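What follows is a single structure, written as structure tokens, with notes after it.
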Amino acid sequence: MNKLKALPKPVKLAFWVLLAILAYALPILEPPIISTPGVDFGGVLFVVTMYCLIALGLNIVVGYAGLLDLGYVGFYAVGAYTAAILTSFHANWPLLLSLPFAVAATTIAGLILGAPTLRVRGDYLAIVTLGFGEIIRLVAVNTEWLGDRRGISNIARPPSVMTGEDGGVVVGEAEPGLKGIFEIPHLYWGDGTVLVDTEDTTQFLVFGVLDQIPYYWLGLTVVLLVLLADYLIKNSRVGRAWEATREDEDAAELMGVPTFKFKLLAFATGAFIGGLAGALFASRQSFINPDSFLLLFSILFLAAVVVGGQGNRWGVLVGAFLVAYLPQRFRDFDDFRVLVFGAALVALAILRPEGLFPPRRTVRAKQMEHELEVLETGHDDGEEAARV
Amino acid sequence: MSDATTPILEVQNLTLKFGGLTALDDVSFGIKEGEILGLIGPNGAGKTTCFNAVTGVYRPTSGDIRFQGRSLTGVKRYRITQLGIARTFQNIRLFPSMTALENVLVGADAQHKTGMFSALFRLPRHRAEERDGHERAMELLRFMGIHKRADELAANLSYGDQRRLEIARAMATGPKLICLDEPAAGFNPQEKVQLMELIRKVRDRGFTVLLIEHDMRLVMGVTDRIVVLEFGRLIAEGTPAEIRDNPAVIAAYLGVDEEDAS
Amino acid sequence: MEFDYQFLFSNLPELTITGLAFGAIYALIALGYTMVYGVLQLINFAHSEVFMYGTFATLWTVWALTGTGGGVGGIQLLLILLLGLVMAMATSALIALALERVAYRPLIKKDAPRLIALISAIGASFVLAELMGLRDKVTAWVGLDDDLDRYVSGARINQSMASVVNMPDVNIGGLSIKTVDLLVIAAAIAMMVIVDQFVRRSKLGRGIRATAQDQETAALMGVNPTRTIQYTFLIGGLMAGAAAFLYMLKIETTKFDVGFLLGVKAFTAAVLGGIGNLRGALLGGLVLGVAENWGQALFGGEWRHVVAFVLLVVILLFRPTGLLGESLGKARV
Ligand SMILES: Nc1ncnc2c1ncn2[C@@H]1O[C@H](COP(=O)(O)OP(=O)(O)OP(=O)(O)O)[C@@H](O)[C@H]1O
Ligand SMILES: [Mg+2]
């Protein structure tokens with residue numbers, strides 16, 4: 001990362017563009033080792049983008065503002081249910097129209113939950129949010145208007161862009177007969193050879209039932225946009241206010257930061273992103289029921305943020321990738337998935353308490369601490385550990 | 001300096017109780033614009049409590065605090081700062097994992113209005129405030145002599161630099177009155193003298209200063225007037241010369257702590 | 001949604017007693033959360049699993065002692081009760097100690113961020129629950145599955161034991177009340193009182209309170225923090241084991257994931273009473289149990305858990321530090 005910083009601007013830009021192109025091309029390349037045998041690779045990647053989105057949103061709440069939220073899945077559910085109700089269960093809106101309503105509903109939910117609870121101490125927030133996540137699910141389970149246990153199906157998909165029978169461009173629901181404006185062949189990795197497989201293609205911008213790669217592209221695009229927004233906000237008065245509040249709430253307040261307002265803002269922003277992810281997820285699945293929003297997911301989301309290194313957006317993305325991808329990649333060990341995941345969390349916490357990729361400043365602070373310690377005690381930490 | 005006779009801050013019959021303990025008992029004094037007022041007294045006299053009442057951390061049990069004629073009772077803490085009262089802390093309270101520059105920027109943001117929307121779309125207000133904030137912050141860091149460490153994490157600064165950074169952060173909030181709670185605590189004599197020099201310069205920039213300091217000699221040297229507290233009560237008020245000869249003050253200090261008076 | 005006032009009011013005493021029985025179990029589990037939180041400021045997420053292992057210890061003990069049939073009496077009943085309780089408490093205590101050793105102590109040494117300790121707790125919780133849920137596969141690996149078949153089969157479904165306490169309902173003032181409920185309430189409250197007195201009066205208890213207040217100062221005054229933390233986990237584990245035993249007397253079935261919801265409820269109870277406050281845990285547990293049972297009668301069973309969480313949110317709004325206020329260290333002596 002440091003080396004990258006030193007490069008001239010055009011080179012840096014080129015690097016990022018290349019990385020983005022690679023990310024978009026990933027499901028087409030289907031590189032061995034990385035691609036997932038037995039499960040649709042595009043689908044897995046789509047789920048990864050959803051986790052990335054959620055992790056970015058939760059990182060604002062947990063990593064930047066320091067608010068422990070154990071019920072983030074609640075926002076995800078509000079977004080998903082709003083989209084589901086508006087596009088299928090109680091109305092017939094197109095997805096794109098329902099999206100703003102979904103995120104608005106989620107943001108409002110965030111404000112309603114945050115306004116009373118953000119005044120109580122941090123640890124209580126954890127349990128209150130946990131309760132909120134569970135209440136949302138239980139309400140869904142018990143309310144017929146929300147489809148109760150049976151859930152809601154036929155949720156609208158994003159509009160597809162296709163070539164019509166007359167050769168013109170058609171925008172609308174994907175239809176079996178119609179093809180995209182162009183199609184992209186996948187690579188096939190044989191024994192030591194790489195072929196372009198013209199049989200196996202992806203229709204550009206056709207959001208159908210089988211091929212999930214267009215959804216992945218959509219998800220990735222949203223992630224990139226949110227990433228940009230995250231960068232812009234973090235490097236501003238808002239981002240500084242969040243961090244100051246996290247570091248020392250009283251001192252921040254006495255330095256003129258309206259901490260409550262900013263905590264609420266962080267909460268609402270997190271909710272916004274969570275709701276967006278929920279709506280996209282509902283659209284892709286086309287079906288949701290309360291089991292899609294178990295408390296367990298809140299825990300997984302939090303794990304994604306903390307594993308990567310809370311407060312560092314890149315670390316958080318890596319964390320999201322690991323949490324979403326590893327269980328899919330190693331499906332053979334299906335039964336042992338949760339067990340291994342749990343053990344990995346413990347191991348990680350013990351071996352790398354700052355997360356895999358802590359913010360650079362944390363690294364610097366720790367280094368300094370270590371240096372001071374060496375200066376003070378006159379010997380290295382290692383020796384000390386050996387003696388104890 | 002407008003009218004030198006109207007106090008910028010008036011503490012009126014301030015009483016503050018913690019349960020059974022009366023930390024401040026009917027204390028009244030005023031600070032004139034542009035002066036350096038020393039607040040002294042033995043340990044536990046109620047000096048920090050007085051700061052906390054002024055900056056809104058504690059609510060007075062009775063009495064009032066008026067800043068530029070306006071009562072501060074019930075005003076939110078961040079509002080009080082925005083109105084123009086800044087402070088430092090007896091136990092350093094920086095934002096440890098933010099850089100020195102960022103710490104000062106948070107202070108400067110007190111007078112800024114940029115919200116989510118401005119930041120997201122990089123509107124002119126964001127750009128202007130960001131530029132202004134950076135300039136002010138760097139200037140203040142230079143003023144305090146710690147500009148070379150601007151990119152260092154606050155936690156990694158030396159103790160003295162952390163104290164200096166706190167003053168810079170307080171000044172960045174654009175205050176009219178700046179309250180320093182034992183800014184020289186833990187300094188060696190030479191550093192103390194330098195700091196007092198600096199405090200005088202702070203005043204010369206147009207700030208009014210309220211200073212808590214244990215070292216009698218230093219307080220005498222730098223302040224225009226001194227207020228003495230003992231057990232929560234105001235026992236003397238006057239110029240340094242008057243305070244030096246005040247028998248009540250001498251008794252309070254002799255009875256308490258030789259080291260502090262050295 | 002219908003409100004069944006009629007049912008609630010006509011059955012109020014019975015509903016209250018059952019609620020108290022549930023509440024007493026919550027309270028016993030809450031004790032572990034509240035003590036660990038008081039000392040370490042850590043939400044010991046895996047405490048629910050400590051409880052879950054206790055339920056299995058009880059189940060297997062009863063199976064081993066009674067064969068398939070239930071309905072024992074006299075000395076045999078007493079023996080089963082005693083041995084079941086001892087096994088459950090021992091098992092839970094062992095798990096709690098192991099948890100402290102493996103998942104927390106390395107972190108405390110490194111002075112890790114608190115959130116990371118929570119992640120470690122969550123991970124440990126997954127591991128413990130899944131080990132139980134995969135016990136058939138794990139034993140198959142070692143080749144013991146045939147010998148232990150009865151104990152390891154059906155690893156992911158409910159396993160139940162026959163009623164141990166088969167006494168007739170007690171009749172008090174025209175109300176017929178289940179013996180088990182009374183037993184559960186009495187035992188739980190007795191144990192809470194013992195722990196409370198222990199923490200208040202014993203030297204160890206003083207150490208725990210001192211550490212909760214200020215670990216560094218306590219250490220300087222000669223309180224060994226590692227030992228103190230160990231004892232805190234030990235006491236929490238013992239109580240979770242007792243709770244598990246009482247739970248099994250009342251509910252009679254268990255499953256590898258039974259801890260999760262109960263853990264959340266117990267933690268809610270701890271927060272409700274004021275986290276870090278032992279008497280708060282008891283009060284919080286009882287209030288929660290009763291409120292839930294009333295709520296269930298009023299709104300229907302499916303809203304039971306919603307009632308619990310709404311109650312929590314409402315109480316925190318009006319009393320941000322819980323019913324009795326927080327802190328083990330500040331506990332009034
Ligand atoms: N939050 C509080 N709760 C209870 N008592 C308090 C609180 N804050 C201060 N006190 C008490 O009020 C009295 C005055 O304390 P204060 O900190 O204002 O003294 P001080 O003059 O600043 O002393 P020092 O020179 O040691 O800084 C002390 O007896 C102190 O113990
Ligand atoms: Mg003081």
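Going by the structure tokens order, chains are called A, B, ..., each with residues numbered from 1, while ligands are numbered from 1 in the order shown.
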Extract, using only C-alpha atoms, all DNA, RNA and protein residues at most 7 Å from C:Asn44, discarding same-chain residues fewer than 4 positions from it, and format them as a PyMOL selection string. chain C and resi 33+36+121
Using only C-alpha atoms, find the residues of chain A whose closest atom to chain C is at most 10 Å away, then write them as a PyMOL selection string. chain A and resi 62+66+68+113+116-117+119-121+123-139+141-143+295-296+299-300+302-303+306-307+309-310+335-355
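Every chain A residue lying within 7 Å of chain B, based on only C-alpha atoms, is listed here: Ala229, Leu232, Ile233, Ser236, Arg237, Val238, Arg240, Ala241, Ala244, Glu247, Asp248, Ala251, Glu253, Leu254, Met255, Gly256, Val257, Pro258, Arg361, Thr362, Ala365 and Met368 of chain A.
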Selected residues, N, CA, C and O atoms, written as a compact mmCIF listing (two decimals), in the first residue's frame, please.
```txt
# COMPACT_ATOMS: atom_id res chain seq x y z
N ALA A 229 -18.34 6.95 -2.36
CA ALA A 229 -19.05 7.81 -1.41
C ALA A 229 -18.40 7.72 -0.04
O ALA A 229 -18.19 8.72 0.65
N LEU A 232 -15.34 9.81 0.04
CA LEU A 232 -15.61 11.24 0.07
C LEU A 232 -16.09 11.70 1.44
O LEU A 232 -15.72 12.76 1.94
N ILE A 233 -16.92 10.88 2.07
CA ILE A 233 -17.47 11.27 3.36
C ILE A 233 -16.42 11.15 4.46
O ILE A 233 -16.30 12.00 5.33
N SER A 236 -13.84 14.18 5.33
CA SER A 236 -14.55 15.44 5.43
C SER A 236 -14.87 15.68 6.89
O SER A 236 -14.53 14.87 7.75
N ARG A 237 -15.54 16.77 7.14
CA ARG A 237 -15.93 17.08 8.52
C ARG A 237 -16.73 15.94 9.13
O ARG A 237 -16.55 15.59 10.29
N VAL A 238 -17.59 15.32 8.31
CA VAL A 238 -18.44 14.25 8.82
C VAL A 238 -17.60 13.07 9.31
O VAL A 238 -17.79 12.57 10.42
N ARG A 240 -14.47 13.02 10.17
CA ARG A 240 -13.67 13.38 11.36
C ARG A 240 -14.54 13.40 12.60
O ARG A 240 -14.13 12.95 13.67
N ALA A 241 -15.76 13.91 12.45
CA ALA A 241 -16.66 13.97 13.61
C ALA A 241 -16.96 12.55 14.09
O ALA A 241 -16.97 12.27 15.29
N ALA A 244 -13.84 11.24 15.89
CA ALA A 244 -13.63 11.90 17.18
C ALA A 244 -14.62 11.36 18.19
O ALA A 244 -14.27 11.10 19.35
N GLU A 247 -13.47 8.02 19.35
CA GLU A 247 -12.28 8.05 20.19
C GLU A 247 -12.59 8.51 21.61
O GLU A 247 -12.08 7.95 22.56
N ASP A 248 -13.36 9.58 21.73
CA ASP A 248 -13.65 10.12 23.06
C ASP A 248 -14.88 11.01 22.93
O ASP A 248 -14.79 12.17 22.54
N ALA A 251 -14.94 14.38 24.98
CA ALA A 251 -14.00 15.36 24.47
C ALA A 251 -14.51 15.91 23.15
O ALA A 251 -14.43 17.12 22.89
N GLU A 253 -17.58 16.21 22.11
CA GLU A 253 -18.69 17.11 22.39
C GLU A 253 -18.16 18.47 22.84
O GLU A 253 -18.64 19.51 22.42
N LEU A 254 -17.11 18.44 23.68
CA LEU A 254 -16.55 19.69 24.20
C LEU A 254 -15.70 20.41 23.16
O LEU A 254 -15.32 21.55 23.37
N MET A 255 -15.41 19.75 22.05
CA MET A 255 -14.70 20.44 20.97
C MET A 255 -15.69 20.91 19.91
O MET A 255 -15.33 21.20 18.78
N GLY A 256 -16.97 20.89 20.26
CA GLY A 256 -17.96 21.46 19.35
C GLY A 256 -18.59 20.47 18.40
O GLY A 256 -19.24 20.86 17.44
N VAL A 257 -18.38 19.16 18.62
CA VAL A 257 -19.01 18.17 17.75
C VAL A 257 -20.37 17.78 18.35
O VAL A 257 -20.42 17.29 19.47
N PRO A 258 -21.46 18.00 17.63
CA PRO A 258 -22.75 17.53 18.15
C PRO A 258 -22.80 16.01 18.00
O PRO A 258 -23.28 15.49 17.00
N ARG A 361 -3.01 3.57 10.51
CA ARG A 361 -2.62 4.32 11.70
C ARG A 361 -2.54 3.41 12.92
O ARG A 361 -1.67 3.59 13.77
N THR A 362 -3.43 2.43 13.01
CA THR A 362 -3.38 1.52 14.15
C THR A 362 -2.05 0.78 14.14
O THR A 362 -1.41 0.60 15.16
N ALA A 365 0.59 3.11 15.35
CA ALA A 365 0.53 3.32 16.79
C ALA A 365 1.11 2.14 17.54
O ALA A 365 1.87 2.29 18.49
N MET A 368 4.87 2.08 17.32
CA MET A 368 5.44 3.09 18.20
C MET A 368 5.46 2.56 19.62
O MET A 368 6.46 2.66 20.33
```
d(atom CA of B:Ala184, atom CA of B:Met144) in Å: 13.6 Å
DSSP strand (DSSP E or B) selection over stretch 17-129 of chain B, as a PyMOL selection string: chain B and resi 17-18+21-32+36-40+62-67+70-71+85-87+99
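Going from atom CA of C:Leu99 to atom CA of C:Ala64 covers 27.1 Å.
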Can you list every residue in stretch 172-356 of chain A that DSSP puts in helix (DSSP H, G or I), as an MDAnalysis selection string? chainID A and resid 213:234 237:247 249:254 259:285 290:293 295:308 313:329 331:351
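A distance search around ligand 2 (10 Å at most, only C-alpha atoms and all ligand atoms) returns the following protein and nucleic acid residues: Ile40, Gly41, Pro42, Asn43, Gly44, Ala45, Gly46, Lys47, Thr48, Thr49, Cys50, Phe51, Asn52, Phe89, Gln90, Asn91, Asp181, Glu182, Ile212, Glu213 and His214 of chain B.
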Just to be explicit: take each residue in the selection above, keep C-alpha atoms, and write the result as a PDB file, in the first residue's frame.
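Output contents, as saved in again.pdb:
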```
ATOM      1  CA  ILE B  40      -5.731  28.814  41.866  1.00  0.00           C
ATOM      2  CA  GLY B  41      -6.318  26.833  44.991  1.00  0.00           C
ATOM      3  CA  PRO B  42      -5.139  23.689  46.751  1.00  0.00           C
ATOM      4  CA  ASN B  43      -5.968  20.199  45.442  1.00  0.00           C
ATOM      5  CA  GLY B  44      -9.663  19.482  45.485  1.00  0.00           C
ATOM      6  CA  ALA B  45     -10.560  23.164  45.816  1.00  0.00           C
ATOM      7  CA  GLY B  46     -13.026  22.931  42.944  1.00  0.00           C
ATOM      8  CA  LYS B  47     -11.055  24.506  40.096  1.00  0.00           C
ATOM      9  CA  THR B  48     -11.703  21.790  37.541  1.00  0.00           C
ATOM     10  CA  THR B  49     -15.300  21.571  38.692  1.00  0.00           C
ATOM     11  CA  CYS B  50     -15.608  25.259  37.948  1.00  0.00           C
ATOM     12  CA  PHE B  51     -14.323  24.616  34.392  1.00  0.00           C
ATOM     13  CA  ASN B  52     -16.765  21.783  34.023  1.00  0.00           C
ATOM     14  CA  PHE B  89      -8.238  18.957  30.080  1.00  0.00           C
ATOM     15  CA  GLN B  90      -6.287  18.299  33.211  1.00  0.00           C
ATOM     16  CA  ASN B  91      -5.859  14.693  32.094  1.00  0.00           C
ATOM     17  CA  ASP B 181      -6.588  23.341  33.059  1.00  0.00           C
ATOM     18  CA  GLU B 182      -3.054  22.981  34.394  1.00  0.00           C
ATOM     19  CA  ILE B 212      -5.601  26.954  36.285  1.00  0.00           C
ATOM     20  CA  GLU B 213      -2.061  26.490  37.493  1.00  0.00           C
ATOM     21  CA  HIS B 214      -0.518  25.175  40.655  1.00  0.00           C
TER      22      HIS B 214
END
```
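Atom CA of A:Ala271 is positioned 8.6 Å from atom CA of A:Leu111.
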Selection: 6 Å around stretch 218-233 of chain B, only C-alpha atoms, excl. self and same-chain fewer than 4 positions, as a VMD selection string: chain B and resid 23 to 25 36 to 41 45 to 46 237 to 240
May I have the selected residues written with all heavy atoms, as an mmCIF file, in the first residue's frame?
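What follows is the written file selection.cif:
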```cif
data_model
loop_
_atom_site.group_PDB
_atom_site.id
_atom_site.type_symbol
_atom_site.label_atom_id
_atom_site.label_comp_id
_atom_site.auth_asym_id
_atom_site.auth_seq_id
_atom_site.Cartn_x
_atom_site.Cartn_y
_atom_site.Cartn_z
ATOM 1 N N ALA B 23 -18.882 21.046 46.039
ATOM 2 C CA ALA B 23 -17.614 21.272 45.349
ATOM 3 C C ALA B 23 -17.423 22.754 45.074
ATOM 4 O O ALA B 23 -16.298 23.244 45.049
ATOM 5 C CB ALA B 23 -17.563 20.479 44.047
ATOM 6 N N LEU B 24 -18.512 23.465 44.860
ATOM 7 C CA LEU B 24 -18.440 24.918 44.679
ATOM 8 C C LEU B 24 -19.533 25.534 45.529
ATOM 9 O O LEU B 24 -20.683 25.094 45.485
ATOM 10 C CB LEU B 24 -18.650 25.293 43.204
ATOM 11 C CG LEU B 24 -17.516 24.948 42.244
ATOM 12 C CD1 LEU B 24 -17.940 25.248 40.823
ATOM 13 C CD2 LEU B 24 -16.251 25.704 42.596
ATOM 14 N N ASP B 25 -19.145 26.549 46.288
ATOM 15 C CA ASP B 25 -20.099 27.105 47.235
ATOM 16 C C ASP B 25 -20.242 28.609 46.996
ATOM 17 O O ASP B 25 -19.388 29.388 47.398
ATOM 18 C CB ASP B 25 -19.587 26.809 48.661
ATOM 19 C CG ASP B 25 -20.608 27.200 49.705
ATOM 20 O OD1 ASP B 25 -21.686 27.700 49.326
ATOM 21 O OD2 ASP B 25 -20.307 27.019 50.896
ATOM 22 N N ILE B 36 -5.814 37.769 31.326
ATOM 23 C CA ILE B 36 -5.479 36.417 31.734
ATOM 24 C C ILE B 36 -5.848 36.308 33.197
ATOM 25 O O ILE B 36 -5.277 37.002 34.043
ATOM 26 C CB ILE B 36 -3.980 36.116 31.552
ATOM 27 C CG1 ILE B 36 -3.571 36.314 30.090
ATOM 28 C CG2 ILE B 36 -3.678 34.687 31.992
ATOM 29 C CD1 ILE B 36 -2.106 36.041 29.823
ATOM 30 N N LEU B 37 -6.823 35.475 33.477
ATOM 31 C CA LEU B 37 -7.270 35.318 34.857
ATOM 32 C C LEU B 37 -6.747 33.991 35.388
ATOM 33 O O LEU B 37 -6.954 32.948 34.775
ATOM 34 C CB LEU B 37 -8.796 35.353 34.932
ATOM 35 C CG LEU B 37 -9.356 35.219 36.347
ATOM 36 C CD1 LEU B 37 -9.253 36.546 37.090
ATOM 37 C CD2 LEU B 37 -10.793 34.747 36.325
ATOM 38 N N GLY B 38 -6.084 34.036 36.512
ATOM 39 C CA GLY B 38 -5.591 32.804 37.128
ATOM 40 C C GLY B 38 -6.623 32.272 38.112
ATOM 41 O O GLY B 38 -7.236 33.041 38.842
ATOM 42 N N LEU B 39 -6.818 30.946 38.070
ATOM 43 C CA LEU B 39 -7.720 30.320 39.037
ATOM 44 C C LEU B 39 -6.850 29.362 39.836
ATOM 45 O O LEU B 39 -6.348 28.379 39.289
ATOM 46 C CB LEU B 39 -8.827 29.586 38.293
ATOM 47 C CG LEU B 39 -9.959 28.952 39.108
ATOM 48 C CD1 LEU B 39 -10.681 29.993 39.919
ATOM 49 C CD2 LEU B 39 -10.923 28.236 38.185
ATOM 50 N N ILE B 40 -6.630 29.670 41.097
ATOM 51 C CA ILE B 40 -5.731 28.814 41.866
ATOM 52 C C ILE B 40 -6.424 28.320 43.124
ATOM 53 O O ILE B 40 -7.515 28.766 43.470
ATOM 54 C CB ILE B 40 -4.412 29.523 42.228
ATOM 55 C CG1 ILE B 40 -4.681 30.704 43.175
ATOM 56 C CG2 ILE B 40 -3.700 30.011 40.987
ATOM 57 C CD1 ILE B 40 -3.398 31.304 43.731
ATOM 58 N N GLY B 41 -5.765 27.405 43.773
ATOM 59 C CA GLY B 41 -6.318 26.833 44.991
ATOM 60 C C GLY B 41 -5.717 25.467 45.212
ATOM 61 O O GLY B 41 -5.208 24.846 44.269
ATOM 62 N N ALA B 45 -9.893 21.916 45.460
ATOM 63 C CA ALA B 45 -10.560 23.164 45.816
ATOM 64 C C ALA B 45 -11.802 23.401 44.964
ATOM 65 O O ALA B 45 -12.680 24.162 45.351
ATOM 66 C CB ALA B 45 -9.595 24.327 45.651
ATOM 67 N N GLY B 46 -11.860 22.759 43.804
ATOM 68 C CA GLY B 46 -13.026 22.931 42.944
ATOM 69 C C GLY B 46 -12.726 23.667 41.649
ATOM 70 O O GLY B 46 -13.634 24.105 40.947
ATOM 71 N N GLU B 237 -9.563 37.497 45.753
ATOM 72 C CA GLU B 237 -9.585 37.877 44.357
ATOM 73 C C GLU B 237 -8.804 39.173 44.242
ATOM 74 O O GLU B 237 -8.967 40.067 45.071
ATOM 75 C CB GLU B 237 -11.040 38.084 43.906
ATOM 76 C CG GLU B 237 -11.181 38.398 42.439
ATOM 77 C CD GLU B 237 -12.631 38.581 42.023
ATOM 78 O OE1 GLU B 237 -13.515 38.434 42.873
ATOM 79 O OE2 GLU B 237 -12.843 38.872 40.852
ATOM 80 N N GLY B 238 -7.942 39.285 43.237
ATOM 81 C CA GLY B 238 -7.205 40.537 43.108
ATOM 82 C C GLY B 238 -6.013 40.401 42.185
ATOM 83 O O GLY B 238 -5.837 39.373 41.522
ATOM 84 N N THR B 239 -5.180 41.434 42.147
ATOM 85 C CA THR B 239 -3.991 41.379 41.306
ATOM 86 C C THR B 239 -2.986 40.445 41.970
ATOM 87 O O THR B 239 -3.088 40.167 43.166
ATOM 88 C CB THR B 239 -3.360 42.781 41.194
ATOM 89 O OG1 THR B 239 -2.957 43.182 42.513
ATOM 90 C CG2 THR B 239 -4.346 43.779 40.632
ATOM 91 N N PRO B 240 -2.014 39.976 41.202
ATOM 92 C CA PRO B 240 -1.014 39.067 41.786
ATOM 93 C C PRO B 240 -0.384 39.641 43.045
ATOM 94 O O PRO B 240 -0.206 38.924 44.033
ATOM 95 C CB PRO B 240 0.012 38.933 40.658
ATOM 96 C CG PRO B 240 -0.779 39.131 39.418
ATOM 97 C CD PRO B 240 -1.853 40.109 39.748
#
```
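Checking B:Lys148, B:Asp215, B:Gly34, B:Leu234 one by one against B:Pro189, counting only C-alpha atoms, you find the shortest gap at B:Asp215.
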Applying 7 Å and only C-alpha atoms, which residues near C:Tyr26 remain after dropping the ones on its own chain fewer than 4 positions away? List them as a PyMOL selection string. chain C and resi 22+30+265-266+269+285
Output N, CA, C and O atoms of each residue in that selection to a file, as a short mmCIF file (atom, residue, chain, number, x, y, z; two decimals), in the first residue's frame.
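Below you can see selection_19.cif, which holds the result:
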```cif
data_model
loop_
_atom_site.label_atom_id
_atom_site.label_comp_id
_atom_site.auth_asym_id
_atom_site.auth_seq_id
_atom_site.Cartn_x
_atom_site.Cartn_y
_atom_site.Cartn_z
N PHE C 22 -39.72 -19.53 34.47
CA PHE C 22 -38.85 -19.19 33.33
C PHE C 22 -37.86 -18.10 33.74
O PHE C 22 -36.67 -18.17 33.46
N ALA C 30 -28.32 -15.34 33.51
CA ALA C 30 -27.92 -13.92 33.45
C ALA C 30 -26.77 -13.63 34.39
O ALA C 30 -25.93 -12.77 34.11
N LYS C 265 -32.02 -14.10 25.74
CA LYS C 265 -33.00 -13.69 26.75
C LYS C 265 -32.30 -13.40 28.07
O LYS C 265 -32.61 -12.40 28.73
N ALA C 266 -31.39 -14.26 28.44
CA ALA C 266 -30.72 -14.06 29.72
C ALA C 266 -29.90 -12.78 29.70
O ALA C 266 -29.87 -12.03 30.67
N ALA C 269 -32.13 -10.06 30.18
CA ALA C 269 -32.49 -9.95 31.60
C ALA C 269 -31.40 -9.21 32.37
O ALA C 269 -31.69 -8.36 33.21
N GLY C 285 -34.42 -11.03 35.38
CA GLY C 285 -34.87 -12.34 34.93
C GLY C 285 -36.33 -12.57 35.25
O GLY C 285 -37.13 -12.96 34.39
#
```
Test item: residues at most 12 Å from B:Gly145, only C-alpha atoms, excluding those fewer than 4 positions along its chain, as a PyMOL selection string: chain B and resi 138-141+149-150+160-165+167-168+194-195+198
Can you pull out the residues contacting stretch 168-171 of chain C? Cut-off 12 Å, using only C-alpha atoms, and skip same-chain residues under 6 positions away; I want them as JSON, numbers by chain. {"C": [14, 71, 177, 178, 179, 180, 181, 182, 183]}
Take the residues from that selection and put them in a file with C-alpha atoms, as a PDB file, in the first residue's frame.
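Once written, again-v5.pdb looks like this:
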```pdb
ATOM      1  CA  GLU C  14     -50.866 -19.568  37.086  1.00  0.00           C
ATOM      2  CA  GLY C  71     -41.442 -42.109  36.937  1.00  0.00           C
ATOM      3  CA  ILE C 177     -49.534 -25.133  40.609  1.00  0.00           C
ATOM      4  CA  LYS C 178     -46.957 -27.427  39.065  1.00  0.00           C
ATOM      5  CA  THR C 179     -44.497 -28.846  41.561  1.00  0.00           C
ATOM      6  CA  VAL C 180     -41.682 -28.426  39.089  1.00  0.00           C
ATOM      7  CA  ASP C 181     -42.323 -24.709  38.783  1.00  0.00           C
ATOM      8  CA  LEU C 182     -42.134 -24.230  42.522  1.00  0.00           C
ATOM      9  CA  LEU C 183     -39.015 -26.332  42.714  1.00  0.00           C
TER      10      LEU C 183
END
```
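Using only C-alpha atoms and all ligand atoms, the smallest distance between any of B:Leu21, B:Ile31, B:Val209, B:Ala128 and ligand 1 comes from B:Leu21.
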